[in-house]
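Input: a single structure, listed below in structure tokens.
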Amino acid sequence: MSIEQELLMELYEDEELRKEFKDNPRAFLITHGVECDETTEYRVLEDSAEVRHIVIPHLANAEAKSTEELESRISKLL
């Protein structure tokens, strides 16, 4: 299990930890050993029974030469 997966499990179980994460995700992640890019903004969204979030992942150099190349790049994100 990766550090990110372990943290996610802890966040499900600990409401105070989840609040800390939501309040300052960058500091939380760094404190827990996850590397964060200094130029990237991190936002935490929490799904509920009534609300689901769909994230369109960022692809560096999004202009793919073919559908297959785009599918390959997206599959590496999932």
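Ordering of the structure tokens sets the chain letters (A, B, ...), residue numbers begin anew at 1 in every chain, and ligands are numbered from 1 in the order given.
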
Excluding Glu38 in chain A and any residue of its chain fewer than 3 positions from it, enumerate the residues within 12 Å of it, using only C-alpha atoms, and give them as a PDB file with C-alpha atoms, in the first residue's frame.
ATOM      1  CA  ARG A  26       0.076  21.066   0.888  1.00  0.00           C
ATOM      2  CA  ALA A  27       1.355  21.299   4.474  1.00  0.00           C
ATOM      3  CA  ILE A  30       4.499  17.380   3.092  1.00  0.00           C
ATOM      4  CA  GLU A  35       6.325  15.406  -2.324  1.00  0.00           C
ATOM      5  CA  GLU A  41      -2.156  24.664  -5.933  1.00  0.00           C
ATOM      6  CA  TYR A  42      -3.759  21.734  -4.112  1.00  0.00           C
TER       7      TYR A  42
END

From a DSSP calculation on the backbone, collect every residue of chain A in helix (DSSP H, G or I) and output the set as a PyMOL selection string. chain A and resi 3-13+15-23+25-31+67-75

Taking only C-alpha atoms into account, which of A:His32, A:Ala60, A:Asn24, A:Ser48 comes nearest Glu10 in chain A? A:His32

What does the distance between CA of Leu7 in chain A and CA of Phe21 in chain A come to in Å, to one decimal place?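 That distance, rounded to one decimal, is 10.0 Å.
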
Best match for closeness to Gly33 in chain A among A:Leu45, A:Ile3, A:Leu17, A:Val51, counting only C-alpha atoms: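 Smallest distance to Gly33 in chain A is found for A:Ile3.
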